[in-house]
Amino acid sequence: MAAAPWCRGPITDLSVLDCSCDLVETLLMAVFPPASFDTDISGAVAPFQRLSFYHTPKFAEILLNGNKTIKQPLNFDTRTMDIYMARMVYQLILDKVYGVYLPLQGTIIFTVPDYNIGSYRHYGVGYHSSFVNVRVVGEKPDLTPEQIEHLSHNLHRADLWHELLPPERFELEGFNILHLVDVTEQEILSELKYDLLERDVLQASDRLEQIQEKLRVLFGRPFLQLGIAAYDEKKQAFVDFGRKINHSFLTKQLNNQDAGSGFRRIYNQLLQDRQPLVLQNVEQADIPEDLREQILGIGIKSTILALLPYGDDTVGLLELGSPNVGDLDEFCIEQVAHFVPLFAVAVKRNSEEIQTRVQAIIKEKFTAIHPTMEWRFTDAALNLLNKIEEGNKGAEMEDIIFHEVYPLHGASDIRGSSTARNEAIQGDLIEHLTLANKVLKKASDFQQLPILDELKFYVNKNLRRLRQGILTGDEVSIFESLKTEVEPLFEYLGNNTPELRAVIAHYWSNIDPELGILYKRRKDFEQSVTLLNDTVSDYLDEEEAKAQQMFPHYFQRFKTDGVEHNIYVGASLVENKPFDLVFLKNLRLWQLLVTVEITRRTAALRPKLAVPLETTQLILIHGQPLSIRFRQDERQFDVDGAYNIRYEIIKKRVDKATVLGTGERLTQPGKIALVYAQLREAAEYMEYIDYLQDRGMLEDEVEELELEELQGVKGLLALRVTVKL
C-alpha cells in the first residue's frame, strides 16, 4: 500500500484499479472469500456507477458487458432502475446520517439473457452498502420526527425526498457489493402458478406457447416441447379442450388408441405405477414399437410422460419432449413434480368451465328457466335441500305458482299456409310421377316386361287422382311405392339398356340427393316459411331484450307456421322490485308497436319469397290477472285454476275467429286484430291506437267488430286497424 499512493484517499479515476496487480484482490479478500470465489455471483460497484471494478467470474459471465459495465436487465428500463437506486440511497442517508432505518421494500429480481442456452434466467439481487459512507456537504438538513414519519409513508414521492433531503447536500464514498442468487426455478414456478390459475389459459394456443417458453427456461432446454392432453374418465378417452384446441403433441398423432395400441398400454402402465415415465433415449427405450415410431415420427428423441392427478381421479397427461437424446432424464422428475399439480388444477378447472358452458347451453336451449323467475326456483331448490338434510329423504319439490300476473298474447300467423303446403306437396308429387312415367314409357319401347305396364298403370292412376286434389297419406304412400318398386327397376334398366340411361339420368337429376324425393315446391315453401318465421323471431327477441330492461317479465315464444308469444308480468314474478300497473300499460303499448313493425317487415319480405306468403297479426287482450303454475311433468308453465282455463281456450281458438254476420276471417294481411271481452279494455287500446295514428303508423279507420261464437266461447269483440306499410 505504501508503494501504491492511489489506494490512499478517494479514488475518482476508476482506471487506476486496472493495475493488473494483486493489491485490489488482497484488499477485497475479506469481502470476496477465495473459497467461494468461483461459485459466488458477486461484484463491487461504486455508488451510482454501472462499472464493476472487481467481481467473481460468474458475475462477469452473467451480468457484465465486455467493458465491465452492468447489463440492462430485461425486466427493468433505465428510468425504473434510477428510481430504485435513488430510493435506496435516500434510505441509506436516513440510516447513516439520521439513525433511522427503513427496510427496503420487496426483493429486486433481475431477468438476464443467457446466451449459452438461448433463453433467460432470473436472479435475486442483494445490495450490501456496508462499505459506503455518507458525508454531509455543508450544513446538515434538519428533519423533525413528523417529517421522518411522513417520508417513511411516502417512499415513492421522489419530489418530497428531494425537497427535504436535497441531493447536493450529500456525497457517497465507498462501494456497494452486488450479490446475485439464481432464483429461476422459484420465479418460474410462481409465474406458472399465476398463469395456470387464469381463466381459459388452456384454450388459447398463444398462452400455452408462453408457458412452454417458461418451462424451457426452467429446464434450460431451448427446444423443449410441452403437451397437455385432457382425459375424460366417463368416455375413457382423451378429449380436445374447448374451441377444438388439442395441445397434446403426442395423442393427436395417434389415430389408433384402442385397447391394444402401444400408447394405450403405456397409459395403463402409468395409471398402475402412478409415476412419471422417463424415456431418456426413445430409440433404445423399452416401449411398444408402434409408439416408438409415433414419437420419433414427430421428432421427439427424449420425453417425460406424467399423469395429472386430481384427488383420486386422473384428469389428463403432461408431456415434455425434446429433439435431443438425454435432454430429459431421471434428474428432471423432481422439477416435474413441482408443477404437475398446477397443470392438473388448470385442466380440471378448464374441464369444469367447459361443463358449465355446456350446462348453460342446455339450460338456454332445452330446459330453460326464465331469468326473471330463476330466483323462485333457486329458493325452492334450497328448501328441498334443507328438507333432505334434515332427514326427510322423501321430500318433494314444492309447487311453484305465481299469483296475480297479467297475461299478454300475440300471434303472427302465415295466411293460408296449410293450403300452400298441400299445393307444394301436390305439385312435387305430380312432377315426380310424371318423370317416372317418362322413364317407364321409354322403357316399354325397348323392354317387353309385364311389370312395366303394371307400374305405368299405378303411376297414371295416382297422377289422375292427384290432379283432383291431395289426400292425407298420399305423400307417404306414393314415396314408398316409388322407392321400393319403381326406382329399383330403373337401376336394372340403366345397367342393361344403354338407350335409357339419358332419361334415367334426367330423372335422378331432379331428385334431392339427401331426401331421395323431388323437393322443389316444398323447398320453396319451407324456405319462405323459415325466412318469415326467422324475421319475426329475431326482431321479437331483439325487442324483448329491451322490454326486459323496462320491467322484468316472463316471455315465451313458439314457432309453427308463424310465431306466437306469451308474456306474463306482475309483482309475484320478481324479487325485491315494486310493480305498478304503469309497467303493464307500457308493455301493452310496446307489444302493439312491435306488432306494427312485424307487419311492415313481413310485408316488405313478400317480393323476396319464393312462395309469396302473407302474415296476419293478432293480439289477445285480457284485463284480469291470473295465476300460472309450473308443471313439473311437462317442464313448462300453464295457467292455474278453472276460471283461468277460459283464457287458454280463447288463446287456442281465437286465430280462427270470424266476423259476426259476414263470415269473414278476423285476421287479415296488413291489419292487426285486437280481441277483447270488456269495453274498458278496448278504451285503453283506443288511446294507444290514437297515438300510433298520430305517429303515422296506422291508418285512420278503426273497425269495431263482433265475433261469431267460438266453440265454448262467446261474446268476444275486436278492434281491427290497418298498418301503414
# chains A, B, ... in the order shown; residues from 1 in each chain; ligands from 1
call {"tool": "residues_around", "arguments": {"residues": "Ala46 of chain A", "least_positions_apart": "5", "cutoff": "12 Å", "atoms": "only C-alpha atoms", "output": "list in words"}}
result
Pro10, Ile11, Thr12, Asp13, Leu14, Leu51, Ser52, Phe53, Tyr54, Thr69, Ile70, Tyr127, His128, Ser129, Phe131, Val132, Asn133, Leu172, Glu173, Gly174, Phe175, Asn176, Ile177 and Leu178 of chain A
call {"tool": "residues_around", "arguments": {"residues": "Lys71 of chain A", "least_positions_apart": "6", "cutoff": "9 Å", "atoms": "only C-alpha atoms", "output": "MDAnalysis selection string"}}
result
chainID A and resid 50 62:65 112
call {"tool": "select_by_dssp", "arguments": {"residues": "segment 464-565 of chain A", "states": "strand (DSSP E or B)", "output": "ChimeraX atom specification"}}
result
/A:554-560,562-565
call {"tool": "write_last_selection", "arguments": {"atoms": "N, CA and C atoms", "output": "PDB file, in the first residue's frame"}}
result
ATOM      1  N   TYR A 554     -91.978 -12.600 -17.660  1.00  0.00           N
ATOM      2  CA  TYR A 554     -91.805 -13.939 -18.241  1.00  0.00           C
ATOM      3  C   TYR A 554     -92.237 -13.900 -19.699  1.00  0.00           C
ATOM      4  N   PHE A 555     -91.380 -14.420 -20.573  1.00  0.00           N
ATOM      5  CA  PHE A 555     -91.628 -14.357 -22.017  1.00  0.00           C
ATOM      6  C   PHE A 555     -91.453 -15.741 -22.623  1.00  0.00           C
ATOM      7  N   GLN A 556     -92.435 -16.147 -23.453  1.00  0.00           N
ATOM      8  CA  GLN A 556     -92.363 -17.403 -24.205  1.00  0.00           C
ATOM      9  C   GLN A 556     -92.556 -17.094 -25.687  1.00  0.00           C
ATOM     10  N   ARG A 557     -91.883 -17.848 -26.528  1.00  0.00           N
ATOM     11  CA  ARG A 557     -92.073 -17.700 -27.978  1.00  0.00           C
ATOM     12  C   ARG A 557     -92.130 -19.083 -28.606  1.00  0.00           C
ATOM     13  N   PHE A 558     -93.070 -19.276 -29.542  1.00  0.00           N
ATOM     14  CA  PHE A 558     -93.236 -20.562 -30.216  1.00  0.00           C
ATOM     15  C   PHE A 558     -93.243 -20.343 -31.722  1.00  0.00           C
ATOM     16  N   LYS A 559     -92.546 -21.226 -32.447  1.00  0.00           N
ATOM     17  CA  LYS A 559     -92.566 -21.198 -33.912  1.00  0.00           C
ATOM     18  C   LYS A 559     -93.387 -22.363 -34.439  1.00  0.00           C
ATOM     19  N   THR A 560     -94.328 -22.071 -35.307  1.00  0.00           N
ATOM     20  CA  THR A 560     -95.028 -23.119 -36.079  1.00  0.00           C
ATOM     21  C   THR A 560     -95.094 -22.588 -37.505  1.00  0.00           C
ATOM     22  N   GLY A 562     -95.804 -19.651 -38.397  1.00  0.00           N
ATOM     23  CA  GLY A 562     -95.964 -18.355 -37.783  1.00  0.00           C
ATOM     24  C   GLY A 562     -95.286 -18.363 -36.431  1.00  0.00           C
ATOM     25  N   VAL A 563     -95.413 -17.254 -35.706  1.00  0.00           N
ATOM     26  CA  VAL A 563     -94.750 -17.116 -34.403  1.00  0.00           C
ATOM     27  C   VAL A 563     -95.760 -16.586 -33.390  1.00  0.00           C
ATOM     28  N   GLU A 564     -95.903 -17.300 -32.279  1.00  0.00           N
ATOM     29  CA  GLU A 564     -96.742 -16.847 -31.169  1.00  0.00           C
ATOM     30  C   GLU A 564     -95.854 -16.464 -29.998  1.00  0.00           C
ATOM     31  N   HIS A 565     -96.356 -15.527 -29.182  1.00  0.00           N
ATOM     32  CA  HIS A 565     -95.614 -15.197 -27.969  1.00  0.00           C
ATOM     33  C   HIS A 565     -96.581 -14.947 -26.817  1.00  0.00           C
TER      34      HIS A 565
END
call {"tool": "closest_residue", "arguments": {"among": "A:Asp538, A:Glu374, A:Glu709, A:Glu139", "to": "Glu168 of chain A", "atoms": "only C-alpha atoms"}}
result
A:Glu139
call {"tool": "residues_around", "arguments": {"residues": "Ser152 of chain A", "least_positions_apart": "3", "cutoff": "12 Å", "atoms": "only C-alpha atoms", "output": "list in words"}}
result
Arg87, Tyr90, Gln91, Leu94, Asp95, Val100, Tyr101, Leu102, Pro103, Leu104, Gln105, Pro145, Glu146, Gln147, Ile148, Glu149, Leu155, His156, Arg157, Leu160 and Trp161 of chain A
call {"tool": "write_last_selection", "arguments": {"atoms": "C-alpha atoms", "output": "mmCIF file, in the first residue's frame"}}
result
data_model
loop_
_atom_site.group_PDB
_atom_site.id
_atom_site.type_symbol
_atom_site.label_atom_id
_atom_site.label_comp_id
_atom_site.auth_asym_id
_atom_site.auth_seq_id
_atom_site.Cartn_x
_atom_site.Cartn_y
_atom_site.Cartn_z
ATOM 1 C CA ARG A 87 -34.713 5.418 -3.186
ATOM 2 C CA TYR A 90 -32.061 8.068 0.421
ATOM 3 C CA GLN A 91 -32.815 5.228 2.819
ATOM 4 C CA LEU A 94 -31.617 8.266 6.703
ATOM 5 C CA ASP A 95 -29.830 5.303 8.285
ATOM 6 C CA VAL A 100 -33.453 5.978 11.120
ATOM 7 C CA TYR A 101 -33.513 2.559 9.483
ATOM 8 C CA LEU A 102 -36.161 1.881 6.819
ATOM 9 C CA PRO A 103 -36.056 -1.612 5.297
ATOM 10 C CA LEU A 104 -36.077 -1.850 1.514
ATOM 11 C CA GLN A 105 -39.480 -2.742 0.149
ATOM 12 C CA PRO A 145 -39.848 13.413 13.756
ATOM 13 C CA GLU A 146 -43.043 14.319 11.888
ATOM 14 C CA GLN A 147 -41.119 14.810 8.622
ATOM 15 C CA ILE A 148 -39.318 11.481 9.070
ATOM 16 C CA GLU A 149 -42.668 9.782 9.699
ATOM 17 C CA LEU A 155 -41.335 6.141 -0.241
ATOM 18 C CA HIS A 156 -42.498 6.711 -3.831
ATOM 19 C CA ARG A 157 -42.699 10.525 -3.542
ATOM 20 C CA LEU A 160 -40.824 15.065 -1.295
ATOM 21 C CA TRP A 161 -37.469 13.375 -0.616
#
call {"tool": "closest_residue", "arguments": {"among": "A:Ala424, A:Lys441, A:Glu293, A:Leu489", "to": "Leu466 of chain A", "atoms": "only C-alpha atoms"}}
result
A:Ala424
call {"tool": "closest_residue", "arguments": {"among": "A:Val336, A:Leu23, A:Val347, A:Leu452", "to": "Leu440 of chain A", "atoms": "only C-alpha atoms"}}
result
A:Leu452
call {"tool": "residues_around", "arguments": {"residues": "Ile689 of chain A", "least_positions_apart": "6", "cutoff": "9 Å", "atoms": "only C-alpha atoms", "output": "list in words"}}
result
Leu592, Leu698, Val702 and Val721 of chain A
call {"tool": "residues_around", "arguments": {"residues": "His409 of chain A", "least_positions_apart": "4", "cutoff": "6 Å", "atoms": "only C-alpha atoms", "output": "ChimeraX atom specification"}}
result
/A:565-566,619-620
call {"tool": "residues_around", "arguments": {"residues": "Thr184 of chain A", "least_positions_apart": "2", "cutoff": "7 Å", "atoms": "only C-alpha atoms", "output": "PyMOL selection string"}}
result
chain A and resi 121-123+182+186-188+218
call {"tool": "residues_around", "arguments": {"residues": "Cys7 of chain A", "least_positions_apart": "6", "cutoff": "9 Å", "atoms": "only C-alpha atoms", "output": "JSON, numbers by chain"}}
result
{"A": [1, 16, 17, 24]}
call {"tool": "write_last_selection", "arguments": {"atoms": "all heavy atoms", "output": "PDB file, in the first residue's frame"}}
result
ATOM      1  N   MET A   1       0.829  -1.206   0.000  1.00  0.00           N
ATOM      2  CA  MET A   1       0.000   0.000   0.000  1.00  0.00           C
ATOM      3  C   MET A   1       0.862   1.253   0.000  1.00  0.00           C
ATOM      4  O   MET A   1       0.506   2.247  -0.631  1.00  0.00           O
ATOM      5  CB  MET A   1      -0.942   0.020   1.219  1.00  0.00           C
ATOM      6  CG  MET A   1      -2.058  -1.027   1.149  1.00  0.00           C
ATOM      7  SD  MET A   1      -3.082  -1.005   2.638  1.00  0.00           S
ATOM      8  CE  MET A   1      -3.815   0.620   2.482  1.00  0.00           C
ATOM      9  N   VAL A  16      -7.405   3.476 -12.514  1.00  0.00           N
ATOM     10  CA  VAL A  16      -6.201   3.119 -11.757  1.00  0.00           C
ATOM     11  C   VAL A  16      -6.348   1.729 -11.139  1.00  0.00           C
ATOM     12  O   VAL A  16      -5.342   1.116 -10.749  1.00  0.00           O
ATOM     13  CB  VAL A  16      -5.918   4.152 -10.644  1.00  0.00           C
ATOM     14  CG1 VAL A  16      -5.687   5.536 -11.235  1.00  0.00           C
ATOM     15  CG2 VAL A  16      -7.033   4.176  -9.611  1.00  0.00           C
ATOM     16  N   LEU A  17      -7.609   1.228 -11.046  1.00  0.00           N
ATOM     17  CA  LEU A  17      -7.813  -0.103 -10.468  1.00  0.00           C
ATOM     18  C   LEU A  17      -7.440  -1.212 -11.446  1.00  0.00           C
ATOM     19  O   LEU A  17      -7.319  -2.372 -11.062  1.00  0.00           O
ATOM     20  CB  LEU A  17      -9.268  -0.277 -10.020  1.00  0.00           C
ATOM     21  CG  LEU A  17      -9.735   0.707  -8.930  1.00  0.00           C
ATOM     22  CD1 LEU A  17     -11.208   0.525  -8.655  1.00  0.00           C
ATOM     23  CD2 LEU A  17      -8.930   0.474  -7.658  1.00  0.00           C
ATOM     24  N   VAL A  24      -5.591  -5.014  -5.238  1.00  0.00           N
ATOM     25  CA  VAL A  24      -7.055  -4.910  -5.164  1.00  0.00           C
ATOM     26  C   VAL A  24      -7.628  -6.224  -4.646  1.00  0.00           C
ATOM     27  O   VAL A  24      -8.483  -6.256  -3.762  1.00  0.00           O
ATOM     28  CB  VAL A  24      -7.649  -4.565  -6.547  1.00  0.00           C
ATOM     29  CG1 VAL A  24      -9.177  -4.603  -6.486  1.00  0.00           C
ATOM     30  CG2 VAL A  24      -7.155  -3.204  -7.014  1.00  0.00           C
TER      31      VAL A  24
END
call {"tool": "closest_residue", "arguments": {"among": "A:Phe219, A:Phe377, A:Tyr647, A:Phe479", "to": "Ile400 of chain A", "atoms": "only C-alpha atoms"}}
result
A:Phe377
call {"tool": "atom_distance", "arguments": {"atom1": "atom CA of Val439 of chain A", "atom2": "atom CA of Asp524 of chain A"}}
result
26.0 Å
call {"tool": "select_by_dssp", "arguments": {"residues": "segment 437-653 of chain A", "states": "helix (DSSP H, G or I)", "output": "NGL selection string"}}
result
:A and (437-444 or 450-468 or 474-496 or 498-509 or 521-550 or 571-573 or 581-608 or 642-653)
call {"tool": "decode", "arguments": {"residues": "segment 409-451 of chain A", "atoms": "C-alpha atoms", "output": "CSV table (one decimal), in the first residue's frame"}}
result
chain,number,residue,atom,x,y,z
A,409,HIS,CA,-100.6,-12.9,-26.1
A,410,GLY,CA,-99.7,-12.1,-29.6
A,411,ALA,CA,-99.6,-14.2,-32.8
A,412,SER,CA,-98.1,-13.6,-36.3
A,413,ASP,CA,-99.7,-16.3,-38.5
A,414,ILE,CA,-98.9,-17.2,-42.1
A,415,ARG,CA,-102.1,-16.9,-44.0
A,416,GLY,CA,-103.1,-20.0,-46.0
A,417,SER,CA,-100.0,-21.9,-45.0
A,418,SER,CA,-101.8,-25.3,-45.0
A,419,THR,CA,-103.2,-24.7,-48.4
A,420,ALA,CA,-99.9,-23.6,-49.8
A,421,ARG,CA,-98.1,-26.6,-48.2
A,422,ASN,CA,-100.6,-29.0,-49.8
A,423,GLU,CA,-100.2,-27.3,-53.2
A,424,ALA,CA,-96.4,-27.6,-52.9
A,425,ILE,CA,-96.7,-31.3,-52.0
A,426,GLN,CA,-99.2,-31.9,-54.8
A,427,GLY,CA,-97.1,-30.2,-57.4
A,428,ASP,CA,-93.9,-32.0,-56.4
A,429,LEU,CA,-95.7,-35.4,-56.4
A,430,ILE,CA,-97.2,-34.8,-59.8
A,431,GLU,CA,-93.8,-33.8,-61.3
A,432,HIS,CA,-92.1,-36.8,-59.6
A,433,LEU,CA,-94.7,-39.2,-61.0
A,434,THR,CA,-94.5,-37.6,-64.5
A,435,LEU,CA,-90.8,-38.0,-64.6
A,436,ALA,CA,-91.1,-41.6,-63.5
A,437,ASN,CA,-93.8,-42.2,-66.2
A,438,LYS,CA,-91.5,-40.8,-68.9
A,439,VAL,CA,-88.9,-43.4,-68.0
A,440,LEU,CA,-91.4,-46.2,-67.9
A,441,LYS,CA,-92.9,-45.2,-71.3
A,442,LYS,CA,-89.5,-45.1,-73.0
A,443,ALA,CA,-88.5,-48.4,-71.3
A,444,SER,CA,-91.6,-50.1,-72.9
A,445,ASP,CA,-90.1,-49.3,-76.3
A,446,PHE,CA,-87.1,-51.5,-75.5
A,447,GLN,CA,-88.2,-54.0,-73.0
A,448,GLN,CA,-91.5,-56.1,-73.1
A,449,LEU,CA,-91.9,-56.6,-69.4
A,450,PRO,CA,-95.4,-57.0,-67.8
A,451,ILE,CA,-94.1,-55.2,-64.7
